[in-house]
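Report on the following structure.
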Amino acid sequence: MKAENIIKKRVLLLDGALGTNLYERGMPHNAVPEDWCLKNSKILESLQRDYVKAGSDVIYTATFGANRIKLNRTKNNVVLINRKLAQISRKAAGNRVLVAGDIGPTGRFIKPFGDLDFEDAVDLFKEQVKGLLLGGVDIFAIETMIDIQEARAALLAVRELSDKFTMVTMSYEKDGRTLNGTDPLSALITLQSLGADAVGSNCSRGPYEMTKILSGLKRYSKVPLVAKPNAGLPKIKEGRAVFDMTESNFARYAKDLVLEGVNIIGGCCGTKPAHIAALKKQLRYLKPKKVSPVSCSIISSARGYLDLNSSKDVIFIGEKINPTGKKLLQSEIRRYKFSRVKSLAKEQEYSGAKALDVNISLAGIDEKKAMLSAMSELSVSTNLPLAIDSSSTHVIEAALRFYPGRALVNSLTAEPKKMKELMPVIKKYGPMVIFLPVTAKGIPDNFQERKKVIDKNLKMLNSCGILKADIVIDPITLAVSCNMSSAVNTLKTIAYCKSKLNMSTVIGLSNISFGLPKRDIVNKTFLDMAKSRGLKLAILDPARINSSRPSRHAKDLLLGQDKNGIKFIKYYSKKEHRPVLVKADILNPKDNIGSAIIDADRDNIKDLINNALNSGISASSIMNEALIPAITKVGELFEKKAIFLPQLIASSETMKKAVSQITPVLKKDGFKGKSKALVIMATVEGDIHDIGKNIVSLILSNHGFEVIDLGKDVTAQSIIKAAREYQPDVVGLSALMTTTMVNMKRVIELAVSEGLNCKFLIGGAVVDEAYADSLGVNYAKDGIDAVKIINRIVV
C-alpha cells in the first residue's frame, strides 16, 4: 500500500490529534511527550489503534518534538528514541495502514532568520530521520512549521536519506501568513520545487479558516494538497483548554476542502477518533480533484513570489547588485560587508524591480562566502525573489541549498562541462533556470544557429525532468557597436521562443548599448522592440529605464539601417551644454543613524554613532532624537505589514548594538535616564517554545524597558518568587500550546493569593484577547503591541 496509489483513487485520510488525546488519557501537562509515550506505550498504541478503527489511512508517530534541541539529548539517544516510538506506531498499524514519521519544529529560527546554522538544522533532522527509518515508517510528515527555512532543512534531511513520500505542512496565523511572514503560495512553490510530495497546512486554524488558507493553490500545485485543521479554536473551561467543535461540524467542511483541491485530510489539536470517523463517512461521497503536473513559472522568496505569467508588461530584474565598475560596492564585498547590497536592493525595488539579480563575483575573495552572506542579508531585508548569478557551479549549489525560496539560476549553457556539473544541482534543488544557447564552440553567430542549439537542448532538459515552464531562454544580447546584426539576431530569437515554443525570454539589457553615447536611449528603444516580440524579463537598472525615452535614431541603429551607426553617433555626439552636477545633500548624522535603524544596517551603526559624537552631537540627543524615533517608526511599519518579523528582529538587533555603543557615553555625560518600567518575562510551565517571548523581550528592551527574562518552562512558583524579589511593574507570560496556556491562570491566581499587585500581560500563538479578559489581565498580539500596552498601563 502506497500513499501515492491511494491518492489517485480517493482522499487519503490522516489521523487526528495525539497530544490533546494523550492528556485526556493520563499524560501530565508537564511531561515530555516522547518520554511519557515510551514509558506508557500501551496507551499510545491504544489511541493509534482507535484511529485505525476510525478509518485513518495514516497514523503519525509520537515524535513531533523528538529532536536533539527539544529533548536535550545526544545524537545516539535521539536516533534510539525515534526508532522506539516508530516501532510502537508500526505495531499499532500492523499491515492495515501507513505509518508517518512525524517531524516537528526545533523551537529555534534557522539562519538567515535566526541563530541556528542551516546545516546544523539539517543534521539535527537527519538524526530523527535515521531513527524513524530504523523504526519502519512508510512515509514522512514534516508539520507545524512557521519558518520556511526550517521546513526546507527538514525536507532536505529526509530527501538526502530517503525517497519515501513526504508531506510538509505549515502553520498560518490569522493574517494568512506564518509567524515568519510566509504566505501559502510562496510556501507551496518553495517546497514542491525542493521535492516535497505533498504540501499544505496543519494546526493553528479550524477547518473553515484552513479552507480559506488553501483556497486557490490547486492551480499552482504539482503535488497533492494537505489539510489537517484543529477542531475549531480553543476555549477555556474549568481551567482547561478545550476544543468544542463537534465531529459532524468538523466533518462537514470536508466538502469545501475537497472542492479547493485538497487530496489529503486529517485532524490536528482537539480532534479525536470520532472526528476522523465522521470525516471518513463524509469522504465516501466526495471525489477529489486529480493531481496534475501544472505548468507554472514562479520563483519565490521567504515572503513573496513572482509569477512570470502574471504580467503583460516586461518584468524587471534589478541588475545593480554586481560589483563590476562599482568601487564602493567592491570595497564592501572585499570586507564581507553588505550594507550597500541592501541599499541597492531597496533602491531597485522602489523603482519597480520584481526580482533581484545577485552577482558577487570579485577577484581575490571567497565568492561562496560572499554570496551566502549577501543572500542572508537580502533574505531578511527584501521580499523580492533572487536570481543567483555566478559562473561557479560550487557557488550556485551552495546558494540554492541555503536560499529560503525558489531562486532563478543565471545561468546554464549548452557547454558539456557546464551541463554535467550543473544539471544534478538543478534537479536536486528545483530552481527556475536561465538557459543561454552557448556551446563549447562559443556563441552562435546568427539566429538560425541559436535556434538549433535551443531546440536540441530543450529536448534533453525535458527528458531530465526540467520542463519548459522551469526554463527562461536568454537569446544572447551583444553590443550593437561591435556587431551591427546583434540586435536583429536577438529580436528574432525572442520572437521564435514566444511564437513557436511559447517560452519566456530574458535579456541583459545594458549589453546592447556598450560603447555608444546615450546608452539609456539605446536601452529603452531596444527594450520596447524586444517587448513587441514577446520578451518576458529584462535584467536592467529600473530607475534609469523608467526615466528614458525611445528614439527613431536608436531604432534605425538597432535594425541595422544606420550603417556603422554613423547617423546615431553624429546626432548624439554633438557638443551639449551640460549643467554642473551638484552633489546631493548628505543626511545629517542623526538622520543617518535613524535610517540605519530602520534599514537594519548592523554593519555601520557603531561608526555612524561615533561620527555623530565626534561632530559634537550629545549622546542624549542621539538617543532621544534619532534612536528612539527610528525604532518607533520600525514598529509602525511592522503594524502596517510594510515589514515582517525578520526585518523587525534585524532592526531591533541594530538598535541593541546602538544602545550598547552609546550607553557608556551617556553614563559618562551624567545622563541618569531611568527605564520606563521593569518587566519580567517568562514562558509558562510545560512550554519549551520561547521564540515569541524572546522577540518581545528584545523589542521591549529597545524601547527603554528593563527586562528580566526567566526563560522557558518556568513554574508558577518561580515566577512569583522572582516577582517578589524584583518588584516588577509588569509580568509578561507566554504560551504557544493550548495545553500549557492554562498555566497562565495558575500564575495569576497564585499572585493574587499572595497579595502581589503587579500587572500581567499575556501573549502567544494560542492566546487571544478573550482569554486575557477571562483572566482579568492584558493581552498583546506581538512585541510592538506590548510596548503600547505597557506604556498605557504603567503610570
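Just so we're on the same page: first chain in the C-alpha cells is A, next is B, and so on; residues restart at 1 for each chain, and ligands are numbered from 1 in the order they show up.
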Quick one: contact table of stretch 230-269 of chain A to stretch 729-748 of chain A, 8 Å max, nearest atom pair and distance in Å to one decimal per residue, counting only C-alpha atoms, chain and number order, as CSV?
residue,atom,partner,partner_atom,distance
A:Pro234,CA,A:Thr738,CA,7.0
A:Ile236,CA,A:Val742,CA,7.7
A:Gly239,CA,A:Val742,CA,5.9
A:Arg240,CA,A:Val742,CA,5.7
A:Ala241,CA,A:Thr738,CA,5.7
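These are the residues of stretch 461-648 of chain A assigned strand (DSSP E or B) by DSSP from backbone coordinates: Ile471, Val472, Ile473, Ser504, Thr505, Val506, Ile507, Gly508, Leu537, Ala538, Ile539 and Leu540 of chain A.
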For the atom pair atom CA of A:Asn624 and atom CA of A:His703, what is the interatomic distance in Å to one decimal place? 10.9 Å
Write out as CSV the residues of stretch 247-292 of chain A that have any atom within 7 Å of an atom of stretch 51-62 of chain A, one row each with the nearest atom pair and its distance in Å to one decimal, counting only C-alpha atoms, sorted by chain and then rising number.
residue,atom,partner,partner_atom,distance
A:Pro273,CA,A:Tyr51,CA,5.1
A:Ala274,CA,A:Ala54,CA,6.8
A:Ile276,CA,A:Ala54,CA,6.0
A:Ala277,CA,A:Ala54,CA,4.5
A:Lys280,CA,A:Gly55,CA,6.1
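Distance check against A:Asp197 using only C-alpha atoms: of A:Glu4, A:Asp120, A:Asp455, A:Asp713, the minimum falls on A:Glu4.
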Can you tell me which residues surround stretch 330-341 of chain A at a distance of at most 10 Å, considering only C-alpha atoms, apart from same-chain residues fewer than 3 positions away, and format the answer as number ranges by chain? A: 320-327, 344-347, 358, 360-367, 369-371, 373-378, 596, 599-604
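Take atom CA of A:Ile628 and atom CA of A:Tyr779: the distance between them is 23.9 Å.
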What are the DSSP helix (DSSP H, G or I) residues of stretch 526-692 of chain A, as a PyMOL selection string? chain A and resi 526-532+542-546+552-558+563-572+589-598+605-614+619-639+645-668+691-692
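Using only C-alpha atoms, the protein and nucleic acid residues lying no more than 12 Å from A:Ala642, apart from those fewer than 4 places from it along its own chain, are Gly181, Arg303, Ser381, Thr382, Asn383, Ile598, Lys633, Val634, Gly635, Glu636, Leu637, Phe638, Pro646, Gln647 and Leu648 of chain A.
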Just to be explicit: take each residue in the selection above, keep C-alpha atoms, and write the result as an mmCIF file, in the first residue's frame.
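Saved to out26.cif:
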data_model
loop_
_atom_site.group_PDB
_atom_site.id
_atom_site.type_symbol
_atom_site.label_atom_id
_atom_site.label_comp_id
_atom_site.auth_asym_id
_atom_site.auth_seq_id
_atom_site.Cartn_x
_atom_site.Cartn_y
_atom_site.Cartn_z
ATOM 1 C CA GLY A 181 5.776 36.071 7.147
ATOM 2 C CA ARG A 303 7.774 36.219 1.969
ATOM 3 C CA SER A 381 15.705 42.892 4.062
ATOM 4 C CA THR A 382 13.659 42.336 0.874
ATOM 5 C CA ASN A 383 10.617 40.301 -0.113
ATOM 6 C CA ILE A 598 15.075 51.375 10.009
ATOM 7 C CA LYS A 633 8.971 54.001 13.158
ATOM 8 C CA VAL A 634 10.041 50.362 12.724
ATOM 9 C CA GLY A 635 7.168 49.349 14.973
ATOM 10 C CA GLU A 636 4.728 51.371 12.906
ATOM 11 C CA LEU A 637 5.955 49.725 9.693
ATOM 12 C CA PHE A 638 5.548 46.289 11.274
ATOM 13 C CA PRO A 646 12.687 39.069 10.158
ATOM 14 C CA GLN A 647 13.072 42.794 9.382
ATOM 15 C CA LEU A 648 11.675 43.712 12.797
#
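For the atom pair formed by atom CA of A:Ser485 and atom CA of A:Ser547, the distance is 27.0 Å, given to one decimal.
Residues lying within 10 Å of A:Val314, counting only C-alpha atoms and ignoring same-chain neighbours fewer than 6 positions away, are Leu308, Thr505, Val506, Leu527, Asp528, Ala530, Lys531, Ser532, Gly534, Leu535, Lys536, Leu537 and Ala538 of chain A.
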Resulting file, chosen residues, C-alpha atoms, as a PDB file, in the first residue's frame:
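Saved as selection-v9.pdb:
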ATOM      1  CA  LEU A 308       6.228  35.188 -14.720  1.00  0.00           C
ATOM      2  CA  THR A 505      12.810  35.007 -22.545  1.00  0.00           C
ATOM      3  CA  VAL A 506      15.176  37.321 -20.676  1.00  0.00           C
ATOM      4  CA  LEU A 527      13.539  47.151 -24.663  1.00  0.00           C
ATOM      5  CA  ASP A 528      10.435  48.408 -26.463  1.00  0.00           C
ATOM      6  CA  ALA A 530      12.012  43.305 -27.619  1.00  0.00           C
ATOM      7  CA  LYS A 531       8.704  43.689 -25.773  1.00  0.00           C
ATOM      8  CA  SER A 532       6.827  43.844 -29.081  1.00  0.00           C
ATOM      9  CA  GLY A 534       7.271  38.846 -26.734  1.00  0.00           C
ATOM     10  CA  LEU A 535      10.076  39.493 -24.224  1.00  0.00           C
ATOM     11  CA  LYS A 536       9.099  38.449 -20.681  1.00  0.00           C
ATOM     12  CA  LEU A 537      12.016  39.567 -18.453  1.00  0.00           C
ATOM     13  CA  ALA A 538      14.841  42.100 -18.587  1.00  0.00           C
TER      14      ALA A 538
END
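Residues surrounding A:Phe64 within 10 Å are A:Leu18, A:Gly19, A:Pro33, A:Glu34, A:Lys70, A:Asn82, A:Gly101, A:Asp102, A:Ile103, A:Gly104, A:Pro105, A:Thr106, A:Gln128, A:Ala141, A:Ile142, A:Glu143, A:Thr144 [only C-alpha atoms; sequence separation below 6 positions excluded].
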Would you output that residue set with N, CA, C and O atoms, as a PDB file, in the first residue's frame?
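part-v6.pdb written:
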ATOM      1  N   LEU A  18      -2.668  13.831  18.643  1.00  0.00           N
ATOM      2  CA  LEU A  18      -2.049  12.945  19.633  1.00  0.00           C
ATOM      3  C   LEU A  18      -2.038  13.631  21.002  1.00  0.00           C
ATOM      4  O   LEU A  18      -2.552  13.123  21.981  1.00  0.00           O
ATOM      5  N   GLY A  19      -1.431  14.837  21.056  1.00  0.00           N
ATOM      6  CA  GLY A  19      -1.186  15.497  22.336  1.00  0.00           C
ATOM      7  C   GLY A  19      -2.431  15.689  23.180  1.00  0.00           C
ATOM      8  O   GLY A  19      -2.476  15.262  24.342  1.00  0.00           O
ATOM      9  N   PRO A  33       6.367  14.623  26.131  1.00  0.00           N
ATOM     10  CA  PRO A  33       5.503  13.621  25.494  1.00  0.00           C
ATOM     11  C   PRO A  33       6.241  12.387  24.992  1.00  0.00           C
ATOM     12  O   PRO A  33       5.748  11.263  25.153  1.00  0.00           O
ATOM     13  N   GLU A  34       7.407  12.591  24.388  1.00  0.00           N
ATOM     14  CA  GLU A  34       8.141  11.445  23.829  1.00  0.00           C
ATOM     15  C   GLU A  34       8.570  10.476  24.930  1.00  0.00           C
ATOM     16  O   GLU A  34       8.443   9.250  24.779  1.00  0.00           O
ATOM     17  N   LYS A  70      14.954  19.930  21.456  1.00  0.00           N
ATOM     18  CA  LYS A  70      13.827  19.843  22.384  1.00  0.00           C
ATOM     19  C   LYS A  70      14.032  18.778  23.458  1.00  0.00           C
ATOM     20  O   LYS A  70      13.633  18.951  24.603  1.00  0.00           O
ATOM     21  N   ASN A  82      13.548   7.913  18.509  1.00  0.00           N
ATOM     22  CA  ASN A  82      12.716   7.924  17.300  1.00  0.00           C
ATOM     23  C   ASN A  82      12.447   6.508  16.795  1.00  0.00           C
ATOM     24  O   ASN A  82      11.330   6.211  16.357  1.00  0.00           O
ATOM     25  N   GLY A 101       6.403   9.088   9.782  1.00  0.00           N
ATOM     26  CA  GLY A 101       7.397   9.584  10.719  1.00  0.00           C
ATOM     27  C   GLY A 101       7.201  11.073  10.918  1.00  0.00           C
ATOM     28  O   GLY A 101       7.401  11.860   9.985  1.00  0.00           O
ATOM     29  N   ASP A 102       6.780  11.469  12.116  1.00  0.00           N
ATOM     30  CA  ASP A 102       6.396  12.859  12.388  1.00  0.00           C
ATOM     31  C   ASP A 102       7.611  13.686  12.805  1.00  0.00           C
ATOM     32  O   ASP A 102       8.321  13.323  13.746  1.00  0.00           O
ATOM     33  N   ILE A 103       7.813  14.817  12.120  1.00  0.00           N
ATOM     34  CA  ILE A 103       8.927  15.728  12.412  1.00  0.00           C
ATOM     35  C   ILE A 103       8.359  17.127  12.624  1.00  0.00           C
ATOM     36  O   ILE A 103       7.761  17.708  11.728  1.00  0.00           O
ATOM     37  N   GLY A 104       8.547  17.652  13.828  1.00  0.00           N
ATOM     38  CA  GLY A 104       8.077  18.996  14.152  1.00  0.00           C
ATOM     39  C   GLY A 104       9.237  19.969  14.257  1.00  0.00           C
ATOM     40  O   GLY A 104      10.400  19.603  14.087  1.00  0.00           O
ATOM     41  N   PRO A 105       8.951  21.225  14.572  1.00  0.00           N
ATOM     42  CA  PRO A 105       9.995  22.255  14.642  1.00  0.00           C
ATOM     43  C   PRO A 105      10.890  22.099  15.866  1.00  0.00           C
ATOM     44  O   PRO A 105      10.516  21.468  16.856  1.00  0.00           O
ATOM     45  N   THR A 106      12.061  22.701  15.786  1.00  0.00           N
ATOM     46  CA  THR A 106      13.023  22.651  16.892  1.00  0.00           C
ATOM     47  C   THR A 106      12.716  23.681  17.966  1.00  0.00           C
ATOM     48  O   THR A 106      13.216  23.591  19.079  1.00  0.00           O
ATOM     49  N   GLN A 128      16.700  12.419  13.485  1.00  0.00           N
ATOM     50  CA  GLN A 128      15.323  11.934  13.587  1.00  0.00           C
ATOM     51  C   GLN A 128      14.986  10.988  12.441  1.00  0.00           C
ATOM     52  O   GLN A 128      14.404   9.926  12.653  1.00  0.00           O
ATOM     53  N   ALA A 141       6.047  12.969   7.656  1.00  0.00           N
ATOM     54  CA  ALA A 141       5.187  14.145   7.801  1.00  0.00           C
ATOM     55  C   ALA A 141       5.963  15.222   8.552  1.00  0.00           C
ATOM     56  O   ALA A 141       6.227  15.079   9.750  1.00  0.00           O
ATOM     57  N   ILE A 142       6.358  16.257   7.838  1.00  0.00           N
ATOM     58  CA  ILE A 142       7.006  17.428   8.450  1.00  0.00           C
ATOM     59  C   ILE A 142       5.891  18.430   8.705  1.00  0.00           C
ATOM     60  O   ILE A 142       5.222  18.867   7.772  1.00  0.00           O
ATOM     61  N   GLU A 143       5.650  18.808   9.963  1.00  0.00           N
ATOM     62  CA  GLU A 143       4.427  19.561  10.250  1.00  0.00           C
ATOM     63  C   GLU A 143       4.638  20.722  11.225  1.00  0.00           C
ATOM     64  O   GLU A 143       5.665  20.841  11.882  1.00  0.00           O
ATOM     65  N   THR A 144       3.606  21.596  11.242  1.00  0.00           N
ATOM     66  CA  THR A 144       3.515  22.740  12.161  1.00  0.00           C
ATOM     67  C   THR A 144       4.716  23.667  12.029  1.00  0.00           C
ATOM     68  O   THR A 144       5.194  24.219  13.017  1.00  0.00           O
TER      69      THR A 144
END
Using only C-alpha atoms, find the one residue out of A:Phe316, A:Ala353, A:Thr525, A:Glu397 that sits nearest to A:Gly508. A:Phe316
List the neighbours of A:Gly176 out to 8 Å using only C-alpha atoms; skip same-chain residues closer than 6 positions along the sequence, and give me the result as a PyMOL selection string. chain A and resi 183-184+213
